[in-house]
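Structure, as structure tokens:
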Protein chains: 2
Amino acid sequence: MTTITDVARAAGVSPATVSRVFNGGRVTAERAERVRRAAADLGFAPNRVAQSLRKQRGSVIGLLIPDIENPFFTSLARGVEDAAQQTNLSVVLCNTDEDVDKERRYLGIALAEQMAGVIVAAASRTRTDLSPLAARGMPVVAVDRRPRAAPVDAVLVDNQHGGEAATEHLLRAGYRRIACITGPEGASTSEERLAGYRDVLRDAVRDGTLAPDGVADPLRAYARYADFKVEGGRAAMADLLAMDEPPDAVFVANNLMTVGALEVLSEAGRTPPGFGILSFGGVPWAPLVRPSLTTVELPSYDLGFTAAGLLQERIAGSAKPLQTVVLRTELRVRDSTAGPQRLPPTPAGPAAGATPV
Amino acid sequence: MTTITDVARAAGVSPATVSRVFNGGRVTAERAERVRRAAADLGFAPNRVAQSLRKQRGSVIGLLIPDIENPFFTSLARGVEDAAQQTNLSVVLCNTDEDVDKERRYLGIALAEQMAGVIVAAASRTRTDLSPLAARGMPVVAVDRRPRAAPVDAVLVDNQHGGEAATEHLLRAGYRRIACITGPEGASTSEERLAGYRDVLRDAVRDGTLAPDGVADPLRAYARYADFKVEGGRAAMADLLAMDEPPDAVFVANNLMTVGALEVLSEAGRTPPGFGILSFGGVPWAPLVRPSLTTVELPSYDLGFTAAGLLQERIAGSAKPLQTVVLRTELRVRDSTAGPQRLPPTPAGPAAGATPV
DNA sequence: CTGAAAGCGCTAACAA
DNA sequence: TTGTTAGCGCTTTCAG
């Protein structure tokens, strides 16, 4: 390994000068050039470990996400990477697997590795503990999920609004027994999406739009907590279908659970849009689903991009008051919510596929 | 930040003793206990940057993958993580985006951060350059794709066999004009899968099973290089369908391109299994695709798990000769290749969904 | 078994 | 502008 000292010797200068050349210190052009040439000749690259130790701060930022297999988070990660690309910070991804212990380990590593900062989509609203980082002055930005009472910047999605838009759309499409499958109890994303759903239903009951027959408390009867995973979506959907008076539409609070719900619906022969289904969060393979899926689109990429921007400001030393940025969702209406009375749109034509060869 | 010296002072021992306690050195039980207690009291955690600098080796392993949005690679990453979990190595993920320059940057960082080792799914067979790592003695394991002539351990998939199994299955199902959409020219995975396809077709022509009508050289006419992405699958499929004598089935060499191909087929009204389609590599959302998709399943998780195991042996200092582990694929037959003359299986029943509410 | 001391590669005072 | 020097926190000889 060639060190700064080797370069210094080769260029006939002191190590400090070499350091200055690489860190924007004042060095005469001629000497700087000599140093650069020597460095190139020797294939010198600064040892980032030594830099980190000396500066008490590294040059990587940690991105902690709860589920690397969820396209929402991988898209978010792209946003972070692209934003970080513009500086010389590099991003490392840590998969916490919705597990608070794993998450704690990674947070410890972030500290021990003296990372420049951390972006975290918290595994738990209450049990994720960001205070050790705060205590050591490490910049932190929360994305997607805001841990309770942590003194950090945050970039969130307007979940309540998204939940409202989704539920309103289902109502307007003519569904009357609208269910909601949301995430884990206590998670901010779960609760906010559910709250949007409930508010709209409550208003609808109040103004007479909605007068459900025979269900005591529609606001609670059709709501289910699940786990944001495929299996949770399956279970909740099966549970809903088994009711005496099952729903005729469902608002599913994330993309993975939608997959599970669709599987169950398909097995039960309840094809959309006869049974309405609306997914909070799009999926890359959505184009393959027939009928096409109505979704609330989330700005996953921008979430990451924005968070990385905020973090870099903090790393650069910004002392602005803490801020929370809320990004808006967008309802994208497709065929899976065309209304309870409609038949699914005719598929493009199995007949063609069956043409004799 | 509390350091080893603080702990030493609190426990009334020397820093060296504290270090020994945390690194399995010989220390009397009584003193060790005192040190441990002091460390706990002070909330001491060793500074990994200082450790790395001193030991000239860090405790993170880098995992370089070309596409973080491909479920194949995220699953592989899970395998790596799980295997690494068993030691105290932590994994950081770097997304090279199929871009050799980005990949080079990350390899440089791996070096500069003194990572313990690197697992890499190379962005290019010819242009990925692993020699700087080799030169500095950093352990490297190639997964999925083997860079040309690099002196490293490798964990690969039996692509050729998978390609053969896929093509044989399509032939046996009765398809006669079988196309292949493979990845970028020159990539080992592309070429090997294509080779499997070609070998089987060649044999079929030779022994008379296959006597294509009107196509000069079926082995080439129906093969397309693409980019392993959705868009590439779309383009290649559209190109194939536009032929004078279009194929009646296609073997698509990765999961993402299958999505694109399915979209085009659907738009063209060529529904499987009338038009046969077989995907190399499964997809998590496969259950939603109707008719269900025949796939060659890849051991993505095990690929990662095995690679991490190998890497850890090297990190521990194993001097075994270089080895290449080849993992087997498995054909999973479903409905999308049921044969050219069959109609798609009746869907579970739109009638039920259309029941008046 | 334990402690003293050196030094990993780099940067930031400080002096010149 | 440049060089000298000290030291970031840790591990590892080397003596004892």
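Going through the structure tokens in order, the chains are called A, B, and so on, while each chain numbers its residues from 1 and the ligands are numbered from 1 in the order shown.
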Selection: 8 Å around B:Thr128, only C-alpha atoms (C1' of nucleotides), excl. self and same-chain fewer than 2 positions, as a PyMOL selection string
chain B and resi 100+103-104+122-126+130+147
Could you make a table, as a Markdown table, of the residues of chain D that have an atom within 8 Å of an atom of chain A, each with its nearest atom pair and distance in Å to one decimal, counting only C-alpha atoms (C1' of nucleotides), in chain and number order?
```
| residue | atom | partner | partner_atom | distance |
| --- | --- | --- | --- | --- |
| D:DT1 | C1' | A:Val27 | CA | 6.5 |
| D:DT2 | C1' | A:Thr17 | CA | 7.3 |
| D:DG3 | C1' | A:Ser14 | CA | 6.3 |
| D:DC8 | C1' | A:Arg54 | CA | 4.6 |
| D:DG9 | C1' | A:Leu53 | CA | 7.8 |
```
Write the residues of the preceding selection, restricted to C-alpha atoms (C1' of nucleotides), as a PDB file, in the first residue's frame.
```
ATOM      1  C1'  DT D   1       3.408  28.615   1.593  1.00  0.00           C
ATOM      2  C1'  DT D   2       5.778  24.876   3.854  1.00  0.00           C
ATOM      3  C1'  DG D   3       7.509  21.474   7.314  1.00  0.00           C
ATOM      4  C1'  DC D   8      -7.050  10.093  16.571  1.00  0.00           C
ATOM      5  C1'  DG D   9      -8.090   4.667  19.313  1.00  0.00           C
TER       6       DG D   9
END
```
Could you please select, counting only C-alpha atoms (C1' of nucleotides), the residues of chain C within 7 Å of chain B and state them as a JSON list (two decimals) with N, CA and C atoms (P, O5', C5', C4', C3', O3' and C1' of nucleotides), in the first residue's frame?
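Everything below was put into part-v1.json:
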```
[["chain", "number", "residue", "atom", "x", "y", "z"],
["C", 1, "DC", "P", -2.74, -16.83, 31.34],
["C", 1, "DC", "O5'", -1.98, -15.85, 32.37],
["C", 1, "DC", "C5'", -2.64, -15.51, 33.56],
["C", 1, "DC", "C4'", -2.09, -14.18, 34.01],
["C", 1, "DC", "C3'", -2.77, -12.97, 33.35],
["C", 1, "DC", "O3'", -3.02, -12.04, 34.39],
["C", 1, "DC", "C1'", -0.43, -12.86, 32.99],
["C", 3, "DG", "P", -1.97, -4.46, 34.16],
["C", 3, "DG", "O5'", -0.69, -3.77, 33.52],
["C", 3, "DG", "C5'", 0.47, -3.63, 34.33],
["C", 3, "DG", "C4'", 1.57, -2.97, 33.55],
["C", 3, "DG", "C3'", 1.18, -1.66, 32.85],
["C", 3, "DG", "O3'", 2.27, -0.76, 33.04],
["C", 3, "DG", "C1'", 2.05, -3.19, 31.26],
["C", 8, "DC", "P", 3.82, 2.79, 11.09],
["C", 8, "DC", "O5'", 2.48, 2.30, 10.38],
["C", 8, "DC", "C5'", 2.04, 0.95, 10.41],
["C", 8, "DC", "C4'", 0.53, 0.94, 10.33],
["C", 8, "DC", "C3'", -0.03, 2.07, 9.48],
["C", 8, "DC", "O3'", -0.28, 1.56, 8.17],
["C", 8, "DC", "C1'", -1.20, 1.87, 11.59]]
```
Which residue of B:Glu245, B:Glu164, B:Asp158, B:Asp227 approaches chain A most closely, using only C-alpha atoms:
B:Glu245
Going by DSSP on the backbone, which residues of stretch 236-292 of chain A come out as helix (DSSP H, G or I)? List them as a ChimeraX atom specification.
/A:236-241,255-268,286-288
DSSP on the backbone, then: every residue of stretch 8-105 of chain A marked strand (DSSP E or B), written as a VMD selection string.
chain A and resid 60 to 65 90 to 95
All residues 12 Å or closer to C:DA13, only C-alpha atoms (C1' of nucleotides), same chain fewer than 4 positions away omitted, as a PyMOL selection string
(chain A and resi 16) or (chain D and resi 4-7)
Shell of 10 Å around B:Phe44, only C-alpha atoms (C1' of nucleotides), local chain residues under 4 positions omitted, as a PyMOL selection string
chain B and resi 1-4+6-7+36+38-40
Minimum-distance residue to chain A, chosen among B:Ala316, B:Val143, B:Ile65, B:Val92 (using only C-alpha atoms)
B:Val92
Please measure the separation of atom CA of A:Phe275 and atom CA of A:Pro340, giving the value in Å to one decimal.
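Rounded to one decimal, the two atoms are 6.1 Å apart.
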A:Thr189 environment, 8 Å, only C-alpha atoms (C1' of nucleotides), sequence neighbours closer than 5 positions dropped, as a VMD selection string
chain A and resid 144 to 145 159 183
Would you mind exporting the chosen residues as a compact mmCIF listing (two decimals), in the first residue's frame, restricted to N, CA and C atoms?
```
# COMPACT_ATOMS: atom_id res chain seq x y z
N ASP A 144 -39.82 7.95 5.54
CA ASP A 144 -41.01 7.11 5.43
C ASP A 144 -41.70 6.90 6.78
N ARG A 145 -40.93 6.58 7.79
CA ARG A 145 -41.52 6.36 9.10
C ARG A 145 -40.81 7.24 10.10
N ASN A 159 -49.54 10.15 4.20
CA ASN A 159 -50.30 8.91 4.27
C ASN A 159 -51.78 9.14 4.49
N GLY A 183 -51.06 -1.87 8.02
CA GLY A 183 -49.84 -2.50 8.52
C GLY A 183 -49.88 -2.77 10.01
```
